[in-house]
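Chemist: Starting off with a structure, shown below.
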Amino acid sequence: MRNKIKIFLLILVTVVFAAAFHAKTNAQSATPQMVVTWQAYGSYIPPKYSDKALPNQESELTASLELLLNGKPVDLSKQTIYWYLNDALIGTGTGNQYVIFSAVGTPPAFLTLKAELPSYNGSLLIHEVNIPLVSPKAVIEAPHPSGQLSGNPITLQGTPYFFYISDPGMLSYSWSVNNETSASTENPQTLNINLDPSTPSGSSLGVSLTITDPSNSMSANDSTNVIYVKQL
């Protein structure tokens, strides 16, 4: 009986050491993954827009670095980290996982952001992300995606994207219908087209919109054709 117990304990110890060695080997051989995330500030998007705000040429950005090993974050507090924007050094330091920087260049373009760990476990780790740099955008929104609208007046909405503002009311909106400037309304983002009752069904209306930021002269344009369908 004692011999059987000794054999069982010996096997158990062997299994435990083998499992520990296997786990250590796997941890050492796992490939670390660098993850860089970024966020742009000073680039307006409407509340309904679910994607990330893209930077314009006046935006400030922040970025952060995480290093994952087997899916778990690694402590980088003692690691030297370098940050580069378009190959220019913009930040360095021990444990410097965050960086703040300004957009550079003229859109449309890409900002190349690079994080570098020069000596992680004796290895050089580098990760790059390309961030789109965009111009402001104007969008004419119609209540029906086909562009065929009924009712009188016909109402369209102008929506700005990626302007350097916090409130769309800071912008100016200029509308035209069939190349004729439309009179301003109480809400300049909204265009109400009052049609003559004799307007035939199937009439095409060419609508244009220019949105301008008076503080810096940034502007964007959009145009669309609307087909008037008379209600019977």
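Chain identifiers are assigned as A, B, and so on, following the order in which chains appear in the structure tokens; residues are numbered from 1 within each chain, and ligands are numbered from 1 in order of appearance.
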If we count only C-alpha atoms, what is near Val104 in chain A at a cut-off of 12 Å, once residues fewer than 5 positions away on the same chain are taken out, given as a list in words?

Modeler: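 In the requested format, the answer is Pro55, Asn56, Gln57, Glu58, Ser59, Glu60, Leu61, Leu85, Asn86, Ala88, Ala109, Phe110, Leu111, Thr112, Leu113, Ile131, Pro132, Leu133 and Val134 of chain A.
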
Chemist: Export, as a short mmCIF file (atom, residue, chain, number, x, y, z; two decimals), in the first residue's frame, the selected residues with all heavy atoms.

Modeler:
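Now in result09.cif:
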data_model
loop_
_atom_site.label_atom_id
_atom_site.label_comp_id
_atom_site.auth_asym_id
_atom_site.auth_seq_id
_atom_site.Cartn_x
_atom_site.Cartn_y
_atom_site.Cartn_z
N PRO A 55 -10.85 63.25 -37.85
CA PRO A 55 -10.24 64.57 -37.62
C PRO A 55 -10.24 65.43 -38.88
O PRO A 55 -10.05 64.94 -40.00
CB PRO A 55 -8.81 64.22 -37.20
CG PRO A 55 -8.55 62.89 -37.82
CD PRO A 55 -9.86 62.16 -37.79
N ASN A 56 -10.46 66.73 -38.68
CA ASN A 56 -10.21 67.71 -39.74
C ASN A 56 -8.84 68.33 -39.48
O ASN A 56 -8.14 67.94 -38.54
CB ASN A 56 -11.32 68.76 -39.79
CG ASN A 56 -11.51 69.46 -38.44
OD1 ASN A 56 -10.56 70.00 -37.87
ND2 ASN A 56 -12.72 69.44 -37.91
N GLN A 57 -8.44 69.28 -40.29
CA GLN A 57 -7.08 69.80 -40.18
C GLN A 57 -6.84 70.66 -38.95
O GLN A 57 -5.70 71.05 -38.67
CB GLN A 57 -6.71 70.57 -41.45
CG GLN A 57 -7.55 71.81 -41.69
CD GLN A 57 -7.32 72.37 -43.08
OE1 GLN A 57 -7.47 71.67 -44.07
NE2 GLN A 57 -6.92 73.64 -43.14
N GLU A 58 -7.89 70.95 -38.17
CA GLU A 58 -7.73 71.72 -36.95
C GLU A 58 -7.96 70.88 -35.69
O GLU A 58 -7.92 71.41 -34.58
CB GLU A 58 -8.69 72.91 -36.96
CG GLU A 58 -8.41 73.92 -38.07
CD GLU A 58 -9.19 75.21 -37.90
OE1 GLU A 58 -9.52 75.57 -36.75
OE2 GLU A 58 -9.47 75.86 -38.91
N SER A 59 -8.14 69.61 -35.85
CA SER A 59 -8.49 68.74 -34.71
C SER A 59 -7.30 68.46 -33.80
O SER A 59 -6.14 68.44 -34.25
CB SER A 59 -9.06 67.41 -35.21
OG SER A 59 -10.29 67.57 -35.84
N GLU A 60 -7.61 68.23 -32.54
CA GLU A 60 -6.67 67.64 -31.59
C GLU A 60 -7.03 66.17 -31.44
O GLU A 60 -8.21 65.79 -31.49
CB GLU A 60 -6.77 68.33 -30.23
CG GLU A 60 -6.33 69.78 -30.24
CD GLU A 60 -4.82 69.92 -30.39
OE1 GLU A 60 -4.10 69.09 -29.80
OE2 GLU A 60 -4.37 70.83 -31.10
N LEU A 61 -6.02 65.33 -31.25
CA LEU A 61 -6.25 63.90 -31.11
C LEU A 61 -5.54 63.37 -29.88
O LEU A 61 -4.53 63.92 -29.44
CB LEU A 61 -5.76 63.13 -32.34
CG LEU A 61 -6.45 63.40 -33.67
CD1 LEU A 61 -5.71 64.47 -34.45
CD2 LEU A 61 -6.53 62.13 -34.50
N LEU A 85 4.49 60.61 -35.30
CA LEU A 85 3.43 61.01 -36.22
C LEU A 85 4.07 61.36 -37.55
O LEU A 85 4.89 62.29 -37.63
CB LEU A 85 2.66 62.22 -35.67
CG LEU A 85 1.51 62.73 -36.56
CD1 LEU A 85 0.43 61.67 -36.68
CD2 LEU A 85 0.94 64.03 -36.01
N ASN A 86 3.72 60.59 -38.58
CA ASN A 86 4.34 60.77 -39.91
C ASN A 86 5.86 60.76 -39.79
O ASN A 86 6.56 61.59 -40.38
CB ASN A 86 3.84 62.05 -40.58
CG ASN A 86 2.35 62.03 -40.86
OD1 ASN A 86 1.71 60.97 -40.83
ND2 ASN A 86 1.79 63.19 -41.12
N ALA A 88 7.74 61.65 -37.41
CA ALA A 88 8.32 62.68 -36.53
C ALA A 88 8.01 62.31 -35.08
O ALA A 88 6.86 61.98 -34.74
CB ALA A 88 7.76 64.05 -36.85
N ALA A 109 -6.08 63.04 -46.61
CA ALA A 109 -4.77 62.45 -46.39
C ALA A 109 -4.90 61.45 -45.23
O ALA A 109 -5.99 61.24 -44.68
CB ALA A 109 -3.73 63.52 -46.06
N PHE A 110 -3.79 60.83 -44.88
CA PHE A 110 -3.75 59.94 -43.73
C PHE A 110 -2.65 60.41 -42.78
O PHE A 110 -1.58 60.83 -43.21
CB PHE A 110 -3.46 58.49 -44.15
CG PHE A 110 -4.64 57.77 -44.73
CD1 PHE A 110 -4.84 57.74 -46.10
CD2 PHE A 110 -5.57 57.15 -43.90
CE1 PHE A 110 -5.93 57.09 -46.63
CE2 PHE A 110 -6.66 56.49 -44.42
CZ PHE A 110 -6.85 56.46 -45.80
N LEU A 111 -2.95 60.34 -41.49
CA LEU A 111 -1.95 60.54 -40.45
C LEU A 111 -1.44 59.17 -40.04
O LEU A 111 -2.24 58.31 -39.63
CB LEU A 111 -2.56 61.26 -39.25
CG LEU A 111 -3.28 62.59 -39.51
CD1 LEU A 111 -3.94 63.07 -38.23
CD2 LEU A 111 -2.31 63.62 -40.05
N THR A 112 -0.14 58.97 -40.13
CA THR A 112 0.44 57.68 -39.73
C THR A 112 0.98 57.81 -38.31
O THR A 112 1.97 58.51 -38.07
CB THR A 112 1.55 57.25 -40.68
OG1 THR A 112 1.02 57.13 -42.01
CG2 THR A 112 2.12 55.90 -40.26
N LEU A 113 0.31 57.15 -37.38
CA LEU A 113 0.71 57.18 -35.97
C LEU A 113 1.39 55.87 -35.63
O LEU A 113 0.85 54.79 -35.91
CB LEU A 113 -0.52 57.39 -35.08
CG LEU A 113 -0.27 57.45 -33.57
CD1 LEU A 113 0.53 58.69 -33.21
CD2 LEU A 113 -1.60 57.44 -32.81
N ILE A 131 -4.74 57.12 -39.75
CA ILE A 131 -5.93 57.86 -39.35
C ILE A 131 -6.35 58.77 -40.49
O ILE A 131 -5.56 59.63 -40.92
CB ILE A 131 -5.63 58.70 -38.09
CG1 ILE A 131 -5.11 57.80 -36.96
CG2 ILE A 131 -6.87 59.46 -37.65
CD1 ILE A 131 -4.60 58.57 -35.74
N PRO A 132 -7.56 58.63 -41.00
CA PRO A 132 -8.00 59.50 -42.11
C PRO A 132 -8.12 60.94 -41.67
O PRO A 132 -8.71 61.25 -40.63
CB PRO A 132 -9.37 58.92 -42.49
CG PRO A 132 -9.43 57.56 -41.87
CD PRO A 132 -8.57 57.62 -40.65
N LEU A 133 -7.56 61.83 -42.44
CA LEU A 133 -7.72 63.28 -42.24
C LEU A 133 -8.68 63.77 -43.30
O LEU A 133 -8.44 63.60 -44.50
CB LEU A 133 -6.36 63.98 -42.36
CG LEU A 133 -6.35 65.50 -42.14
CD1 LEU A 133 -6.74 65.85 -40.72
CD2 LEU A 133 -4.97 66.07 -42.47
N VAL A 134 -9.80 64.37 -42.88
CA VAL A 134 -10.88 64.67 -43.82
C VAL A 134 -11.23 66.15 -43.82
O VAL A 134 -10.92 66.89 -42.87
CB VAL A 134 -12.15 63.85 -43.49
CG1 VAL A 134 -11.87 62.36 -43.60
CG2 VAL A 134 -12.68 64.20 -42.10
#

Chemist: Range 43-54 of chain A: which residues within 12 Å, counting only C-alpha atoms, same-chain residues fewer than 5 positions away excluded, as an NGL selection string?

Modeler: :A and (37-38 or 59-61 or 103 or 107-111 or 130-139 or 158-171 or 213)

Chemist: Excluding same-chain residues fewer than 2 positions from Gln189 in chain A, what lies within 7 Å of it counting only C-alpha atoms, as a compact mmCIF listing (two decimals) with all heavy atoms, in the first residue's frame?

Modeler:
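Generated output (around23.txt):
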# COMPACT_ATOMS: atom_id res chain seq x y z
N GLN A 157 -33.33 68.64 -45.12
CA GLN A 157 -32.49 68.99 -43.97
C GLN A 157 -31.03 69.00 -44.39
O GLN A 157 -30.56 68.10 -45.10
CB GLN A 157 -32.71 67.97 -42.84
CG GLN A 157 -31.94 68.24 -41.56
CD GLN A 157 -32.59 69.33 -40.72
OE1 GLN A 157 -33.75 69.67 -40.93
NE2 GLN A 157 -31.85 69.86 -39.77
N GLY A 158 -30.28 70.00 -43.93
CA GLY A 158 -28.84 70.04 -44.17
C GLY A 158 -28.08 69.66 -42.91
O GLY A 158 -28.32 70.22 -41.84
N TYR A 173 -25.75 78.44 -43.58
CA TYR A 173 -26.30 77.50 -44.56
C TYR A 173 -26.88 78.30 -45.72
O TYR A 173 -27.72 79.17 -45.53
CB TYR A 173 -27.39 76.63 -43.93
CG TYR A 173 -26.91 75.83 -42.74
CD1 TYR A 173 -26.76 76.44 -41.49
CD2 TYR A 173 -26.60 74.48 -42.86
CE1 TYR A 173 -26.30 75.70 -40.39
CE2 TYR A 173 -26.15 73.75 -41.78
CZ TYR A 173 -26.00 74.37 -40.55
OH TYR A 173 -25.55 73.64 -39.47
N ASN A 187 -34.92 78.42 -39.19
CA ASN A 187 -33.95 77.35 -39.00
C ASN A 187 -33.21 77.15 -40.31
O ASN A 187 -33.71 76.47 -41.22
CB ASN A 187 -34.65 76.05 -38.58
CG ASN A 187 -33.66 74.91 -38.37
OD1 ASN A 187 -32.44 75.12 -38.43
ND2 ASN A 187 -34.17 73.72 -38.16
N LEU A 191 -34.70 73.40 -45.28
CA LEU A 191 -35.19 74.06 -46.48
C LEU A 191 -36.64 73.62 -46.73
O LEU A 191 -36.91 72.41 -46.84
CB LEU A 191 -34.33 73.69 -47.68
CG LEU A 191 -34.84 74.18 -49.05
CD1 LEU A 191 -34.77 75.71 -49.11
CD2 LEU A 191 -34.04 73.55 -50.18

Chemist: From the options A:Ser146, A:Asn221, A:Gln231, A:Thr92, which residue's atoms come nearest to Pro200 in chain A, counting only C-alpha atoms?

Modeler: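 Using only C-alpha atoms, Pro200 in chain A sits closest to A:Gln231.
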
Chemist: DSSP on the backbone: what in chain A comes out helix (DSSP H, G or I), as number ranges by chain?

Modeler: A: 2-29, 168-170

Chemist: For the residues in the current selection, export C-alpha atoms as a compact mmCIF listing (two decimals), in the first residue's frame.

Modeler:
# COMPACT_ATOMS: atom_id res chain seq x y z
CA ARG A 2 2.81 2.43 0.89
CA ASN A 3 4.53 1.75 -2.42
CA LYS A 4 1.29 2.49 -4.28
CA ILE A 5 0.92 5.78 -2.40
CA LYS A 6 4.52 6.73 -3.17
CA ILE A 7 4.01 5.94 -6.86
CA PHE A 8 0.78 7.96 -6.91
CA LEU A 9 2.48 10.96 -5.26
CA LEU A 10 5.41 10.72 -7.64
CA ILE A 11 3.07 10.70 -10.65
CA LEU A 12 1.09 13.63 -9.22
CA VAL A 13 4.23 15.72 -8.66
CA THR A 14 5.44 14.90 -12.17
CA VAL A 15 2.13 15.95 -13.70
CA VAL A 16 2.09 19.23 -11.73
CA PHE A 17 5.63 20.14 -12.76
CA ALA A 18 4.92 19.19 -16.38
CA ALA A 19 1.80 21.38 -16.43
CA ALA A 20 3.68 24.32 -14.90
CA PHE A 21 6.53 23.93 -17.40
CA HIS A 22 4.04 23.74 -20.28
CA ALA A 23 2.23 26.89 -19.12
CA LYS A 24 5.52 28.77 -18.71
CA THR A 25 6.67 27.67 -22.17
CA ASN A 26 3.40 28.77 -23.76
CA ALA A 27 3.58 32.16 -22.00
CA GLN A 28 7.12 32.69 -23.23
CA SER A 29 6.25 31.69 -26.81
CA PRO A 168 -24.19 73.23 -35.88
CA GLY A 169 -25.87 76.55 -35.17
CA MET A 170 -22.43 78.15 -35.41

Chemist: Find the residues near Trp175 in chain A: any atom within 9 Å, counting only C-alpha atoms, skip ones fewer than 4 places away on the same chain, and give them as a PDB file with all heavy atoms, in the first residue's frame.

Modeler:
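This went into selection05.pdb:
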ATOM      1  N   GLU A 180     -31.638  79.033 -58.120  1.00  0.00           N
ATOM      2  CA  GLU A 180     -32.142  80.261 -57.518  1.00  0.00           C
ATOM      3  C   GLU A 180     -31.981  80.185 -56.004  1.00  0.00           C
ATOM      4  O   GLU A 180     -32.395  79.200 -55.379  1.00  0.00           O
ATOM      5  CB  GLU A 180     -33.611  80.478 -57.882  1.00  0.00           C
ATOM      6  CG  GLU A 180     -33.853  80.762 -59.348  1.00  0.00           C
ATOM      7  CD  GLU A 180     -35.301  81.117 -59.635  1.00  0.00           C
ATOM      8  OE1 GLU A 180     -36.076  81.262 -58.657  1.00  0.00           O
ATOM      9  OE2 GLU A 180     -35.655  81.242 -60.819  1.00  0.00           O
ATOM     10  N   THR A 181     -31.352  81.214 -55.421  1.00  0.00           N
ATOM     11  CA  THR A 181     -31.103  81.224 -53.977  1.00  0.00           C
ATOM     12  C   THR A 181     -32.421  81.215 -53.218  1.00  0.00           C
ATOM     13  O   THR A 181     -33.342  81.974 -53.541  1.00  0.00           O
ATOM     14  CB  THR A 181     -30.288  82.460 -53.576  1.00  0.00           C
ATOM     15  OG1 THR A 181     -29.047  82.449 -54.283  1.00  0.00           O
ATOM     16  CG2 THR A 181     -30.009  82.462 -52.073  1.00  0.00           C
ATOM     17  N   SER A 182     -32.461  80.348 -52.230  1.00  0.00           N
ATOM     18  CA  SER A 182     -33.666  80.250 -51.415  1.00  0.00           C
ATOM     19  C   SER A 182     -33.584  81.238 -50.263  1.00  0.00           C
ATOM     20  O   SER A 182     -32.504  81.455 -49.678  1.00  0.00           O
ATOM     21  CB  SER A 182     -33.820  78.826 -50.874  1.00  0.00           C
ATOM     22  OG  SER A 182     -34.923  78.734 -50.019  1.00  0.00           O
ATOM     23  N   ALA A 183     -34.732  81.822 -49.922  1.00  0.00           N
ATOM     24  CA  ALA A 183     -34.760  82.771 -48.809  1.00  0.00           C
ATOM     25  C   ALA A 183     -34.461  82.050 -47.507  1.00  0.00           C
ATOM     26  O   ALA A 183     -34.811  80.881 -47.312  1.00  0.00           O
ATOM     27  CB  ALA A 183     -36.129  83.452 -48.741  1.00  0.00           C
ATOM     28  N   SER A 184     -33.800  82.735 -46.576  1.00  0.00           N
ATOM     29  CA  SER A 184     -33.465  82.152 -45.285  1.00  0.00           C
ATOM     30  C   SER A 184     -34.717  81.945 -44.451  1.00  0.00           C
ATOM     31  O   SER A 184     -35.727  82.609 -44.621  1.00  0.00           O
ATOM     32  CB  SER A 184     -32.485  83.053 -44.532  1.00  0.00           C
ATOM     33  OG  SER A 184     -33.057  84.321 -44.322  1.00  0.00           O
ATOM     34  N   PRO A 188     -32.044  77.748 -40.470  1.00  0.00           N
ATOM     35  CA  PRO A 188     -31.344  77.687 -41.763  1.00  0.00           C
ATOM     36  C   PRO A 188     -30.895  76.284 -42.163  1.00  0.00           C
ATOM     37  O   PRO A 188     -30.562  76.063 -43.331  1.00  0.00           O
ATOM     38  CB  PRO A 188     -30.133  78.617 -41.549  1.00  0.00           C
ATOM     39  CG  PRO A 188     -29.943  78.675 -40.071  1.00  0.00           C
ATOM     40  CD  PRO A 188     -31.315  78.547 -39.474  1.00  0.00           C
ATOM     41  N   LEU A 191     -34.700  73.402 -45.276  1.00  0.00           N
ATOM     42  CA  LEU A 191     -35.194  74.057 -46.483  1.00  0.00           C
ATOM     43  C   LEU A 191     -36.635  73.615 -46.732  1.00  0.00           C
ATOM     44  O   LEU A 191     -36.907  72.413 -46.843  1.00  0.00           O
ATOM     45  CB  LEU A 191     -34.330  73.686 -47.684  1.00  0.00           C
ATOM     46  CG  LEU A 191     -34.841  74.179 -49.046  1.00  0.00           C
ATOM     47  CD1 LEU A 191     -34.768  75.711 -49.109  1.00  0.00           C
ATOM     48  CD2 LEU A 191     -34.044  73.547 -50.178  1.00  0.00           C
ATOM     49  N   VAL A 207     -31.441  70.815 -56.054  1.00  0.00           N
ATOM     50  CA  VAL A 207     -31.204  71.491 -54.776  1.00  0.00           C
ATOM     51  C   VAL A 207     -29.710  71.468 -54.457  1.00  0.00           C
ATOM     52  O   VAL A 207     -29.063  70.418 -54.561  1.00  0.00           O
ATOM     53  CB  VAL A 207     -31.995  70.815 -53.633  1.00  0.00           C
ATOM     54  CG1 VAL A 207     -31.752  71.546 -52.312  1.00  0.00           C
ATOM     55  CG2 VAL A 207     -33.484  70.780 -53.959  1.00  0.00           C
ATOM     56  N   SER A 208     -29.170  72.612 -54.064  1.00  0.00           N
ATOM     57  CA  SER A 208     -27.763  72.715 -53.669  1.00  0.00           C
ATOM     58  C   SER A 208     -27.659  73.346 -52.290  1.00  0.00           C
ATOM     59  O   SER A 208     -28.494  74.181 -51.914  1.00  0.00           O
ATOM     60  CB  SER A 208     -26.978  73.562 -54.673  1.00  0.00           C
ATOM     61  OG  SER A 208     -26.965  72.966 -55.946  1.00  0.00           O
ATOM     62  N   LEU A 209     -26.634  72.938 -51.573  1.00  0.00           N
ATOM     63  CA  LEU A 209     -26.391  73.453 -50.220  1.00  0.00           C
ATOM     64  C   LEU A 209     -24.907  73.721 -50.032  1.00  0.00           C
ATOM     65  O   LEU A 209     -24.066  72.893 -50.397  1.00  0.00           O
ATOM     66  CB  LEU A 209     -26.873  72.439 -49.169  1.00  0.00           C
ATOM     67  CG  LEU A 209     -26.448  72.698 -47.718  1.00  0.00           C
ATOM     68  CD1 LEU A 209     -27.091  73.962 -47.175  1.00  0.00           C
ATOM     69  CD2 LEU A 209     -26.793  71.496 -46.839  1.00  0.00           C
ATOM     70  N   THR A 210     -24.609  74.889 -49.460  1.00  0.00           N
ATOM     71  CA  THR A 210     -23.242  75.199 -49.031  1.00  0.00           C
ATOM     72  C   THR A 210     -23.273  75.514 -47.546  1.00  0.00           C
ATOM     73  O   THR A 210     -24.050  76.364 -47.101  1.00  0.00           O
ATOM     74  CB  THR A 210     -22.668  76.402 -49.793  1.00  0.00           C
ATOM     75  OG1 THR A 210     -22.608  76.095 -51.184  1.00  0.00           O
ATOM     76  CG2 THR A 210     -21.265  76.732 -49.300  1.00  0.00           C
ATOM     77  N   ILE A 211     -22.443  74.800 -46.785  1.00  0.00           N
ATOM     78  CA  ILE A 211     -22.313  75.047 -45.347  1.00  0.00           C
ATOM     79  C   ILE A 211     -20.940  75.660 -45.105  1.00  0.00           C
ATOM     80  O   ILE A 211     -19.923  75.124 -45.577  1.00  0.00           O
ATOM     81  CB  ILE A 211     -22.469  73.755 -44.530  1.00  0.00           C
ATOM     82  CG1 ILE A 211     -23.836  73.107 -44.809  1.00  0.00           C
ATOM     83  CG2 ILE A 211     -22.320  74.036 -43.036  1.00  0.00           C
ATOM     84  CD1 ILE A 211     -24.044  71.790 -44.072  1.00  0.00           C
TER      85      ILE A 211
END

Chemist: Report the residues of range 21-219 of chain A whose backbone DSSP state falls under strand (DSSP E or B), written as number ranges by chain.

Modeler: A: 33-41, 60-69, 72-73, 80-85, 88-94, 98-102, 109-120, 123-133, 137-141, 148-149, 154-161, 172-177, 180-181, 190-193, 203-212, 219

Chemist: Which is closer to Thr212 in chain A than all the others in A:Val99, A:Ser150, A:Leu65, A:Ser172, using only C-alpha atoms?

Modeler: A:Ser172

Chemist: Just give me the gap between CA of Ile140 in chain A and CA of Asn152 in chain A in Å, one decimal is fine.

Modeler: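 Rounded to one decimal, the two atoms are 18.1 Å apart.
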
Chemist: One decimal, Å: what's the distance from CA of Thr155 in chain A over to CA of Thr199 in chain A, could you say?

Modeler: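 CA of Thr155 in chain A sits 16.1 Å away from CA of Thr199 in chain A.
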
Chemist: By how many Å are CA of Asp196 in chain A and CA of Ser176 in chain A apart?

Modeler: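 Interatomic distance here is 16.7 Å.
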
Chemist: Do a neighbour search on Gln148 in chain A at 12 Å with only C-alpha atoms, toss out local chain neighbours closer than 3 positions, and write the hits as a count of residues only.

Modeler: 20

Chemist: Restricting the calculation to only C-alpha atoms, which member of A:Pro32, A:Ala40, A:Ser102, A:Ser174 is positioned closest to Leu68 in chain A?

Modeler: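 Of the candidates, the smallest distance to Leu68 in chain A is held by A:Pro32.
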
Chemist: So which residues touch Pro118 in chain A within 9 Å, counting only C-alpha atoms, skipping near sequence neighbours fewer than 5 positions away, as a PyMOL selection string?

Modeler: chain A and resi 79-82+123-126

Chemist: Only N, CA and C atoms, please: the residues just picked out, written as a PDB file, in the first residue's frame.

Modeler:
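The result, written out as out-v4.pdb:
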ATOM      1  N   GLN A  79       8.349  50.351 -19.139  1.00  0.00           N
ATOM      2  CA  GLN A  79       8.811  50.253 -20.520  1.00  0.00           C
ATOM      3  C   GLN A  79       8.956  51.650 -21.137  1.00  0.00           C
ATOM      4  N   THR A  80      10.036  51.853 -21.882  1.00  0.00           N
ATOM      5  CA  THR A  80      10.191  53.084 -22.654  1.00  0.00           C
ATOM      6  C   THR A  80       9.324  52.993 -23.899  1.00  0.00           C
ATOM      7  N   ILE A  81       8.546  54.034 -24.134  1.00  0.00           N
ATOM      8  CA  ILE A  81       7.620  54.046 -25.275  1.00  0.00           C
ATOM      9  C   ILE A  81       7.884  55.294 -26.108  1.00  0.00           C
ATOM     10  N   TYR A  82       8.001  55.107 -27.406  1.00  0.00           N
ATOM     11  CA  TYR A  82       8.166  56.218 -28.345  1.00  0.00           C
ATOM     12  C   TYR A  82       6.903  56.335 -29.199  1.00  0.00           C
ATOM     13  N   SER A 123      13.206  42.601 -27.321  1.00  0.00           N
ATOM     14  CA  SER A 123      12.749  42.713 -28.700  1.00  0.00           C
ATOM     15  C   SER A 123      12.211  44.118 -28.981  1.00  0.00           C
ATOM     16  N   LEU A 124      12.253  44.504 -30.249  1.00  0.00           N
ATOM     17  CA  LEU A 124      11.690  45.763 -30.702  1.00  0.00           C
ATOM     18  C   LEU A 124      10.281  45.491 -31.213  1.00  0.00           C
ATOM     19  N   LEU A 125       9.298  46.186 -30.626  1.00  0.00           N
ATOM     20  CA  LEU A 125       7.904  46.043 -31.053  1.00  0.00           C
ATOM     21  C   LEU A 125       7.426  47.370 -31.628  1.00  0.00           C
ATOM     22  N   ILE A 126       6.774  47.312 -32.794  1.00  0.00           N
ATOM     23  CA  ILE A 126       6.282  48.511 -33.481  1.00  0.00           C
ATOM     24  C   ILE A 126       4.865  48.251 -33.972  1.00  0.00           C
TER      25      ILE A 126
END
